[in-house]
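J.: So I've got this file, query25.cif, and it contains mmCIF, C-alpha atoms; chains and numbers go by the auth columns:
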```cif
data_input
#
loop_
_atom_site.group_PDB
_atom_site.id
_atom_site.type_symbol
_atom_site.label_atom_id
_atom_site.label_comp_id
_atom_site.label_asym_id
_atom_site.label_seq_id
_atom_site.Cartn_x
_atom_site.Cartn_y
_atom_site.Cartn_z
_atom_site.B_iso_or_equiv
_atom_site.auth_seq_id
_atom_site.auth_asym_id
ATOM 1 C CA MET A 1 14.222 72.992 -38.831 0.00 1 A
ATOM 2 C CA ALA A 2 11.301 70.897 -37.687 0.00 2 A
ATOM 3 C CA ASP A 3 11.764 68.722 -34.672 0.00 3 A
ATOM 4 C CA VAL A 4 11.303 65.184 -35.944 0.00 4 A
ATOM 5 C CA GLN A 5 10.306 62.785 -33.279 0.00 5 A
ATOM 6 C CA ALA A 6 11.624 59.336 -33.895 0.00 6 A
ATOM 7 C CA GLY A 7 9.610 56.255 -32.955 0.00 7 A
ATOM 8 C CA PRO A 8 10.809 53.778 -30.375 0.00 8 A
ATOM 9 C CA SER A 9 13.936 51.913 -31.214 0.00 9 A
ATOM 10 C CA ASP A 10 13.883 48.210 -31.932 0.00 10 A
ATOM 11 C CA GLU A 11 15.442 47.613 -28.530 0.00 11 A
ATOM 12 C CA GLU A 12 12.745 49.616 -26.749 0.00 12 A
ATOM 13 C CA ARG A 13 10.002 47.848 -28.706 0.00 13 A
ATOM 14 C CA GLU A 14 11.498 44.435 -27.817 0.00 14 A
ATOM 15 C CA ARG A 15 11.707 45.409 -24.143 0.00 15 A
ATOM 16 C CA TYR A 16 8.081 46.581 -24.209 0.00 16 A
ATOM 17 C CA LEU A 17 6.898 43.308 -25.819 0.00 17 A
ATOM 18 C CA ARG A 18 8.826 41.251 -23.253 0.00 18 A
ATOM 19 C CA LEU A 19 7.348 43.290 -20.405 0.00 19 A
ATOM 20 C CA ALA A 20 3.840 42.891 -21.829 0.00 20 A
ATOM 21 C CA ALA A 21 4.336 39.120 -22.168 0.00 21 A
ATOM 22 C CA ASP A 22 5.702 38.882 -18.602 0.00 22 A
ATOM 23 C CA PHE A 23 2.697 40.789 -17.273 0.00 23 A
ATOM 24 C CA ASP A 24 0.284 38.574 -19.218 0.00 24 A
ATOM 25 C CA ASN A 25 1.986 35.448 -17.816 0.00 25 A
ATOM 26 C CA PHE A 26 1.830 36.928 -14.302 0.00 26 A
ATOM 27 C CA ARG A 27 -1.896 37.643 -14.706 0.00 27 A
ATOM 28 C CA LYS A 28 -2.609 34.092 -15.942 0.00 28 A
ATOM 29 C CA ARG A 29 -0.503 32.547 -13.160 0.00 29 A
ATOM 30 C CA SER A 30 -2.262 34.684 -10.525 0.00 30 A
ATOM 31 C CA ARG A 31 -5.675 33.695 -11.851 0.00 31 A
ATOM 32 C CA GLN A 32 -4.661 30.004 -11.747 0.00 32 A
ATOM 33 C CA GLU A 33 -3.368 30.347 -8.179 0.00 33 A
ATOM 34 C CA VAL A 34 -6.656 31.921 -7.057 0.00 34 A
ATOM 35 C CA LEU A 35 -8.628 29.090 -8.695 0.00 35 A
ATOM 36 C CA GLU A 36 -6.390 26.483 -7.013 0.00 36 A
ATOM 37 C CA ALA A 37 -6.701 28.223 -3.631 0.00 37 A
ATOM 38 C CA ASN A 38 -10.486 28.213 -3.950 0.00 38 A
ATOM 39 C CA ARG A 39 -10.577 24.575 -5.054 0.00 39 A
ATOM 40 C CA TYR A 40 -8.039 23.164 -2.578 0.00 40 A
ATOM 41 C CA GLY A 41 -8.162 25.720 0.248 0.00 41 A
ATOM 42 C CA ALA A 42 -10.018 23.285 2.500 0.00 42 A
ATOM 43 C CA ALA A 43 -7.268 20.642 2.292 0.00 43 A
ATOM 44 C CA GLY A 44 -5.547 21.622 5.548 0.00 44 A
ATOM 45 C CA LEU A 45 -8.766 21.690 7.547 0.00 45 A
ATOM 46 C CA ALA A 46 -9.951 18.455 5.952 0.00 46 A
ATOM 47 C CA ARG A 47 -6.696 16.701 6.912 0.00 47 A
ATOM 48 C CA GLU A 48 -7.214 17.875 10.504 0.00 48 A
ATOM 49 C CA LEU A 49 -10.806 16.594 10.545 0.00 49 A
ATOM 50 C CA LEU A 50 -10.087 13.111 9.142 0.00 50 A
ATOM 51 C CA PRO A 51 -8.785 11.741 12.490 0.00 51 A
ATOM 52 C CA VAL A 52 -11.911 13.170 14.164 0.00 52 A
ATOM 53 C CA LEU A 53 -14.022 11.311 11.606 0.00 53 A
ATOM 54 C CA ASP A 54 -12.029 8.120 12.282 0.00 54 A
ATOM 55 C CA ASP A 55 -12.561 8.458 16.042 0.00 55 A
ATOM 56 C CA ALA A 56 -16.298 9.120 15.671 0.00 56 A
ATOM 57 C CA GLU A 57 -16.703 6.067 13.419 0.00 57 A
ATOM 58 C CA ARG A 58 -14.740 3.934 15.901 0.00 58 A
ATOM 59 C CA ALA A 59 -16.852 5.214 18.789 0.00 59 A
ATOM 60 C CA LEU A 60 -20.044 4.360 16.923 0.00 60 A
ATOM 61 C CA ARG A 61 -18.785 0.830 16.144 0.00 61 A
ATOM 62 C CA HIS A 62 -17.959 0.230 19.814 0.00 62 A
ATOM 63 C CA VAL A 63 -21.026 1.585 21.608 0.00 63 A
ATOM 64 C CA PRO A 64 -21.276 -0.494 24.806 0.00 64 A
ATOM 65 C CA ARG A 65 -24.275 -2.763 25.297 0.00 65 A
ATOM 66 C CA GLY A 66 -26.967 -1.179 27.369 0.00 66 A
ATOM 67 C CA THR A 67 -26.161 2.324 26.131 0.00 67 A
ATOM 68 C CA ASP A 68 -29.219 4.494 25.606 0.00 68 A
ATOM 69 C CA GLU A 69 -30.193 4.138 21.949 0.00 69 A
ATOM 70 C CA ARG A 70 -30.834 7.897 21.726 0.00 70 A
ATOM 71 C CA TRP A 71 -27.211 8.560 22.647 0.00 71 A
ATOM 72 C CA ALA A 72 -25.958 6.261 19.873 0.00 72 A
ATOM 73 C CA ARG A 73 -28.415 7.871 17.433 0.00 73 A
ATOM 74 C CA GLY A 74 -27.103 11.314 18.431 0.00 74 A
ATOM 75 C CA LEU A 75 -23.523 10.214 17.807 0.00 75 A
ATOM 76 C CA TRP A 76 -24.564 8.834 14.422 0.00 76 A
ATOM 77 C CA LEU A 77 -26.205 12.197 13.536 0.00 77 A
ATOM 78 C CA VAL A 78 -23.037 14.101 14.490 0.00 78 A
ATOM 79 C CA LEU A 79 -21.023 11.695 12.331 0.00 79 A
ATOM 80 C CA GLN A 80 -23.397 12.282 9.400 0.00 80 A
ATOM 81 C CA LYS A 81 -23.021 16.073 9.774 0.00 81 A
ATOM 82 C CA LEU A 82 -19.237 15.745 9.758 0.00 82 A
ATOM 83 C CA ARG A 83 -19.353 13.544 6.643 0.00 83 A
ATOM 84 C CA GLY A 84 -21.718 16.027 4.997 0.00 84 A
ATOM 85 C CA ALA A 85 -19.497 18.999 5.788 0.00 85 A
ATOM 86 C CA LEU A 86 -16.471 17.219 4.324 0.00 86 A
ATOM 87 C CA ALA A 87 -18.464 16.207 1.230 0.00 87 A
ATOM 88 C CA THR A 88 -19.622 19.802 0.737 0.00 88 A
ATOM 89 C CA ALA A 89 -15.960 20.862 0.730 0.00 89 A
ATOM 90 C CA GLY A 90 -15.278 18.246 -1.987 0.00 90 A
ATOM 91 C CA VAL A 91 -13.768 15.521 0.215 0.00 91 A
ATOM 92 C CA GLU A 92 -14.650 11.991 -0.844 0.00 92 A
ATOM 93 C CA ARG A 93 -13.658 8.555 0.345 0.00 93 A
ATOM 94 C CA ILE A 94 -11.268 6.512 -1.797 0.00 94 A
ATOM 95 C CA GLU A 95 -12.720 3.138 -2.732 0.00 95 A
ATOM 96 C CA ALA A 96 -10.317 0.420 -1.688 0.00 96 A
ATOM 97 C CA LEU A 97 -11.935 -2.899 -0.791 0.00 97 A
ATOM 98 C CA GLY A 98 -12.021 -5.237 -3.791 0.00 98 A
ATOM 99 C CA GLN A 99 -10.112 -2.759 -5.972 0.00 99 A
ATOM 100 C CA PRO A 100 -6.775 -3.467 -7.647 0.00 100 A
ATOM 101 C CA PHE A 101 -3.922 -2.082 -5.540 0.00 101 A
ATOM 102 C CA ASP A 102 -2.951 1.389 -6.785 0.00 102 A
ATOM 103 C CA PRO A 103 -0.016 3.098 -5.042 0.00 103 A
ATOM 104 C CA ARG A 104 -1.480 6.504 -5.916 0.00 104 A
ATOM 105 C CA PHE A 105 -4.475 5.821 -3.656 0.00 105 A
ATOM 106 C CA HIS A 106 -3.492 2.899 -1.413 0.00 106 A
ATOM 107 C CA GLU A 107 -0.704 2.235 1.067 0.00 107 A
ATOM 108 C CA ALA A 108 -0.075 -1.492 1.478 0.00 108 A
ATOM 109 C CA VAL A 109 0.999 -2.430 4.991 0.00 109 A
ATOM 110 C CA ASP A 110 0.328 -6.155 4.817 0.00 110 A
ATOM 111 C CA PHE A 111 -0.088 -8.991 2.334 0.00 111 A
ATOM 112 C CA ALA A 112 -2.090 -12.172 2.650 0.00 112 A
ATOM 113 C CA GLU A 113 -1.804 -15.295 0.587 0.00 113 A
ATOM 114 C CA THR A 114 -5.198 -16.199 -0.796 0.00 114 A
ATOM 115 C CA ALA A 115 -6.644 -18.411 -3.461 0.00 115 A
ATOM 116 C CA SER A 116 -10.032 -16.699 -3.535 0.00 116 A
ATOM 117 C CA ASP A 117 -8.941 -13.156 -4.477 0.00 117 A
ATOM 118 C CA PRO A 118 -6.998 -12.065 -7.560 0.00 118 A
ATOM 119 C CA ASP A 119 -3.354 -11.187 -6.982 0.00 119 A
ATOM 120 C CA GLY A 120 -2.869 -7.496 -6.149 0.00 120 A
ATOM 121 C CA THR A 121 -6.456 -6.959 -4.977 0.00 121 A
ATOM 122 C CA VAL A 122 -7.189 -4.996 -1.805 0.00 122 A
ATOM 123 C CA ILE A 123 -8.736 -7.509 0.585 0.00 123 A
ATOM 124 C CA GLU A 124 -8.944 -5.395 3.744 0.00 124 A
ATOM 125 C CA GLU A 125 -9.094 -1.673 4.443 0.00 125 A
ATOM 126 C CA LEU A 126 -7.363 -0.848 7.714 0.00 126 A
ATOM 127 C CA GLN A 127 -7.855 2.921 7.460 0.00 127 A
ATOM 128 C CA PRO A 128 -9.995 4.693 4.875 0.00 128 A
ATOM 129 C CA GLY A 129 -8.366 7.042 2.402 0.00 129 A
ATOM 130 C CA PHE A 130 -9.754 10.367 1.237 0.00 130 A
ATOM 131 C CA ARG A 131 -9.200 12.807 -1.595 0.00 131 A
ATOM 132 C CA LEU A 132 -10.144 16.410 -2.225 0.00 132 A
ATOM 133 C CA HIS A 133 -11.241 16.568 -5.837 0.00 133 A
ATOM 134 C CA GLU A 134 -8.391 14.726 -7.563 0.00 134 A
ATOM 135 C CA ARG A 135 -5.733 15.257 -4.863 0.00 135 A
ATOM 136 C CA VAL A 136 -5.157 12.528 -2.287 0.00 136 A
ATOM 137 C CA LEU A 137 -5.435 13.857 1.269 0.00 137 A
ATOM 138 C CA ARG A 138 -4.670 10.507 2.842 0.00 138 A
ATOM 139 C CA PRO A 139 -4.134 7.173 1.084 0.00 139 A
ATOM 140 C CA ALA A 140 -6.175 4.168 2.186 0.00 140 A
ATOM 141 C CA VAL A 141 -4.109 1.850 4.385 0.00 141 A
ATOM 142 C CA VAL A 142 -4.772 -1.647 3.067 0.00 142 A
ATOM 143 C CA LYS A 143 -3.962 -5.353 3.084 0.00 143 A
ATOM 144 C CA VAL A 144 -3.362 -6.821 -0.380 0.00 144 A
ATOM 145 C CA ALA A 145 -3.919 -10.336 -1.756 0.00 145 A
ATOM 146 C CA ARG A 146 -0.887 -12.204 -2.999 0.00 146 A
ATOM 147 C CA THR A 147 -0.702 -15.488 -4.829 0.00 147 A
ATOM 148 C CA ALA A 148 0.626 -18.205 -2.561 0.00 148 A
ATOM 149 C CA GLY A 149 4.414 -18.540 -2.672 0.00 149 A
ATOM 150 C CA GLU A 150 5.040 -15.270 -4.563 0.00 150 A
ATOM 151 C CA PRO A 151 7.229 -12.790 -2.638 0.00 151 A
ATOM 152 C CA PRO A 152 6.619 -9.035 -2.965 0.00 152 A
ATOM 153 C CA ASP A 153 8.953 -7.114 -5.270 0.00 153 A
ATOM 154 C CA GLU A 154 12.116 -5.501 -3.867 0.00 154 A
ATOM 155 C CA GLN A 155 10.232 -2.372 -2.699 0.00 155 A
ATOM 156 C CA GLY A 156 7.771 -4.501 -0.765 0.00 156 A
ATOM 157 C CA GLU A 157 4.887 -3.524 -3.013 0.00 157 A
ATOM 158 C CA PRO A 158 2.466 -5.915 -4.617 0.00 158 A
ATOM 159 C CA PRO A 159 2.868 -6.688 -8.322 0.00 159 A
#
```
If you convert what's in this file into structure tokens, what do you get?

T.:
Amino acid sequence: MADVQAGPSDEERERYLRLAADFDNFRKRSRQEVLEANRYGAAGLARELLPVLDDAERALRHVPRGTDERWARGLWLVLQKLRGALATAGVERIEALGQPFDPRFHEAVDFAETASDPDGTVIEELQPGFRLHERVLRPAVVKVARTAGEPPDEQGEPP
């Protein structure tokens, strides 16, 4: 009698298809994680450098009178290099001043009643915000215009 070899059972075929689908999903997920790591890998370093950028900008704004102009120019060049390095990594400043308040990009810490600015408009930037591609690294800390006599909503956010 000839030895007849039977094909895989339905159960084995189903298990094979599930395993193949799981592996395909794993491969796609791994590829996506590598792309994300490449795109957002600089986020930690960028967050660490933002306070350094803040301090350098503050130092440049408060150069004492009588300071050698070459020293101030040197500080400005260092600041430009730092900004350039962050920009090369994909870090960009979030526009705040004159923009409508957006809680995704702005953190309101104060309100001011004003008749000259539309309600809910950022009227002062207290600390600049930054994002890496589309992810916010640090929201802009802002003061927001409010129509006279209108209290903020129950969460303390502008309308």

J.: Stretch 81-130 of chain A near stretch 50-60 of chain A within 12 Å: what's each residue's closest atom pair and its distance in Å to one decimal, counting only C-alpha atoms, ordered by chain then ascending residue number, as JSON lines?

T.:
```
{"residue": "A:Lys81", "atom": "CA", "partner": "A:Leu53", "partner_atom": "CA", "distance": 10.3}
{"residue": "A:Leu82", "atom": "CA", "partner": "A:Leu53", "partner_atom": "CA", "distance": 7.1}
{"residue": "A:Arg83", "atom": "CA", "partner": "A:Leu53", "partner_atom": "CA", "distance": 7.6}
{"residue": "A:Gly84", "atom": "CA", "partner": "A:Leu53", "partner_atom": "CA", "distance": 11.2}
{"residue": "A:Ala85", "atom": "CA", "partner": "A:Leu53", "partner_atom": "CA", "distance": 11.1}
{"residue": "A:Leu86", "atom": "CA", "partner": "A:Leu50", "partner_atom": "CA", "distance": 9.0}
{"residue": "A:Ala87", "atom": "CA", "partner": "A:Leu50", "partner_atom": "CA", "distance": 11.9}
{"residue": "A:Val91", "atom": "CA", "partner": "A:Leu50", "partner_atom": "CA", "distance": 10.0}
{"residue": "A:Glu92", "atom": "CA", "partner": "A:Leu50", "partner_atom": "CA", "distance": 11.0}
{"residue": "A:Arg93", "atom": "CA", "partner": "A:Leu50", "partner_atom": "CA", "distance": 10.5}
{"residue": "A:Leu126", "atom": "CA", "partner": "A:Asp54", "partner_atom": "CA", "distance": 11.1}
{"residue": "A:Gln127", "atom": "CA", "partner": "A:Asp54", "partner_atom": "CA", "distance": 8.2}
{"residue": "A:Pro128", "atom": "CA", "partner": "A:Asp54", "partner_atom": "CA", "distance": 8.4}
{"residue": "A:Gly129", "atom": "CA", "partner": "A:Leu50", "partner_atom": "CA", "distance": 9.2}
{"residue": "A:Phe130", "atom": "CA", "partner": "A:Leu50", "partner_atom": "CA", "distance": 8.4}
```

J.: May I have the residues from that selection written out with C-alpha atoms, as a PDB file, keeping the file's coordinate frame?

T.:
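Below is the file again.pdb, written as the result:
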```pdb
ATOM      1  CA  LYS A  81     -23.021  16.073   9.774  1.00  0.00           C
ATOM      2  CA  LEU A  82     -19.237  15.745   9.758  1.00  0.00           C
ATOM      3  CA  ARG A  83     -19.353  13.544   6.643  1.00  0.00           C
ATOM      4  CA  GLY A  84     -21.718  16.027   4.997  1.00  0.00           C
ATOM      5  CA  ALA A  85     -19.497  18.999   5.788  1.00  0.00           C
ATOM      6  CA  LEU A  86     -16.471  17.219   4.324  1.00  0.00           C
ATOM      7  CA  ALA A  87     -18.464  16.207   1.230  1.00  0.00           C
ATOM      8  CA  VAL A  91     -13.768  15.521   0.215  1.00  0.00           C
ATOM      9  CA  GLU A  92     -14.650  11.991  -0.844  1.00  0.00           C
ATOM     10  CA  ARG A  93     -13.658   8.555   0.345  1.00  0.00           C
ATOM     11  CA  LEU A 126      -7.363  -0.848   7.714  1.00  0.00           C
ATOM     12  CA  GLN A 127      -7.855   2.921   7.460  1.00  0.00           C
ATOM     13  CA  PRO A 128      -9.995   4.693   4.875  1.00  0.00           C
ATOM     14  CA  GLY A 129      -8.366   7.042   2.402  1.00  0.00           C
ATOM     15  CA  PHE A 130      -9.754  10.367   1.237  1.00  0.00           C
TER      16      PHE A 130
END
```

J.: Which residues are near A:Phe105? Cut-off 12 Å, only C-alpha atoms, ignore same chain within fewer than 6 positions. Put them as a tab-separated table (two decimals) with C-alpha atoms, keeping the file's coordinate frame.

T.:
```tsv
chain	number	residue	atom	x	y	z
A	93	ARG	CA	-13.66	8.56	0.34
A	94	ILE	CA	-11.27	6.51	-1.80
A	95	GLU	CA	-12.72	3.14	-2.73
A	96	ALA	CA	-10.32	0.42	-1.69
A	97	LEU	CA	-11.94	-2.90	-0.79
A	99	GLN	CA	-10.11	-2.76	-5.97
A	122	VAL	CA	-7.19	-5.00	-1.80
A	125	GLU	CA	-9.09	-1.67	4.44
A	127	GLN	CA	-7.86	2.92	7.46
A	128	PRO	CA	-9.99	4.69	4.88
A	129	GLY	CA	-8.37	7.04	2.40
A	130	PHE	CA	-9.75	10.37	1.24
A	131	ARG	CA	-9.20	12.81	-1.60
A	134	GLU	CA	-8.39	14.73	-7.56
A	135	ARG	CA	-5.73	15.26	-4.86
A	136	VAL	CA	-5.16	12.53	-2.29
A	137	LEU	CA	-5.44	13.86	1.27
A	138	ARG	CA	-4.67	10.51	2.84
A	139	PRO	CA	-4.13	7.17	1.08
A	140	ALA	CA	-6.18	4.17	2.19
A	141	VAL	CA	-4.11	1.85	4.38
A	142	VAL	CA	-4.77	-1.65	3.07
```

J.: Out of A:Pro8, A:Gly66, A:Gly41, A:Gly98, which residue has the shortest atom-to-atom distance to A:Thr121 when counting all atoms listed in the file?

T.: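 Residue with the minimum atom-to-atom distance to A:Thr121: A:Gly98.
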
J.: Expand the PyMOL selection byres ((chain A and resi 111) around 7) into the individual residues it matches in the shown file, reporting them as a CSV table (one decimal) with C-alpha atoms, keeping the file's coordinate frame.

T.:
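result_20.csv, written as the output of this step:
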```csv
chain,number,residue,atom,x,y,z
A,110,ASP,CA,0.3,-6.2,4.8
A,112,ALA,CA,-2.1,-12.2,2.6
A,113,GLU,CA,-1.8,-15.3,0.6
A,143,LYS,CA,-4.0,-5.4,3.1
A,144,VAL,CA,-3.4,-6.8,-0.4
A,145,ALA,CA,-3.9,-10.3,-1.8
A,146,ARG,CA,-0.9,-12.2,-3.0
```

J.: Figure out the distance between atom CA of A:Pro103 and atom CA of A:Glu124, please, to one decimal in Å.

T.: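 So the answer is 15.1 Å.
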
J.: Please measure the separation of atom CA of A:His62 and atom CA of A:Val78, giving the value in Å to one decimal.

T.: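 Computing the Euclidean distance for atom CA of A:His62 and atom CA of A:Val78 yields 15.7 Å.
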
J.: Which one of A:Arg13, A:Arg61, A:Arg104, A:Arg39 sits closest to A:His133 if you count all atoms listed in the file?

T.: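 Using all atoms listed in the file, A:His133 sits closest to A:Arg39.
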
J.: Would you compute the distance between atom CA of A:Asp22 and atom CA of A:Tyr40? Give it in Å to one decimal.

T.: 26.3 Å

J.: Each side padded by 8 Å, which centre and which edge lengths in Å (one decimal) define the axis-aligned box around the listed atoms of stretch 122-135 of chain A? Give them as JSON.

T.:
```
{"center_x": -8.5, "center_y": 4.5, "center_z": 0.1, "size_x": 21.5, "size_y": 40.1, "size_z": 31.3}
```

J.: Would it be fine to have stretch 31-89 of chain A, with C-alpha atoms, given as a tab-separated table (two decimals), in the first residue's frame?

T.:
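The resulting file, part.tsv, is shown below:
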```tsv
chain	number	residue	atom	x	y	z
A	31	ARG	CA	9.36	49.60	10.96
A	32	GLN	CA	7.04	52.31	12.35
A	33	GLU	CA	8.92	52.37	15.66
A	34	VAL	CA	12.24	52.82	13.85
A	35	LEU	CA	10.79	55.70	11.80
A	36	GLU	CA	9.41	57.34	14.96
A	37	ALA	CA	12.73	56.90	16.79
A	38	ASN	CA	14.56	58.54	13.90
A	39	ARG	CA	12.05	61.38	13.67
A	40	TYR	CA	11.64	62.08	17.40
A	41	GLY	CA	14.89	60.71	18.84
A	42	ALA	CA	16.20	64.22	19.47
A	43	ALA	CA	13.25	65.17	21.71
A	44	GLY	CA	15.01	64.41	25.00
A	45	LEU	CA	18.14	66.35	24.09
A	46	ALA	CA	16.08	69.21	22.69
A	47	ARG	CA	14.09	69.48	25.94
A	48	GLU	CA	17.38	69.67	27.85
A	49	LEU	CA	18.72	72.40	25.55
A	50	LEU	CA	15.64	74.66	25.66
A	51	PRO	CA	16.51	76.12	29.11
A	52	VAL	CA	20.05	76.77	27.82
A	53	LEU	CA	18.54	78.64	24.88
A	54	ASP	CA	16.32	80.62	27.27
A	55	ASP	CA	19.31	81.57	29.43
A	56	ALA	CA	21.42	82.61	26.43
A	57	GLU	CA	18.59	84.80	25.09
A	58	ARG	CA	18.14	86.37	28.53
A	59	ALA	CA	21.87	87.01	28.82
A	60	LEU	CA	21.92	88.69	25.42
A	61	ARG	CA	18.94	90.92	26.35
A	62	HIS	CA	20.67	92.02	29.56
A	63	VAL	CA	24.23	92.74	28.41
A	64	PRO	CA	25.48	95.47	30.77
A	65	ARG	CA	26.30	98.89	29.36
A	66	GLY	CA	29.96	99.31	28.63
A	67	THR	CA	30.43	95.64	27.77
A	68	ASP	CA	32.82	95.05	24.90
A	69	GLU	CA	30.70	94.83	21.75
A	70	ARG	CA	32.78	91.86	20.52
A	71	TRP	CA	31.77	89.89	23.61
A	72	ALA	CA	28.07	90.55	22.96
A	73	ARG	CA	28.56	89.65	19.28
A	74	GLY	CA	30.24	86.39	20.33
A	75	LEU	CA	27.33	85.53	22.61
A	76	TRP	CA	24.92	86.28	19.77
A	77	LEU	CA	26.89	83.94	17.45
A	78	VAL	CA	26.77	81.13	20.03
A	79	LEU	CA	23.01	81.69	20.37
A	80	GLN	CA	22.62	81.49	16.57
A	81	LYS	CA	24.56	78.20	16.48
A	82	LEU	CA	22.33	76.75	19.19
A	83	ARG	CA	19.19	77.85	17.33
A	84	GLY	CA	20.60	76.38	14.12
A	85	ALA	CA	21.42	73.05	15.74
A	86	LEU	CA	17.90	72.80	17.16
A	87	ALA	CA	16.39	73.75	13.79
A	88	THR	CA	18.48	71.09	12.05
A	89	ALA	CA	17.02	68.52	14.45
```
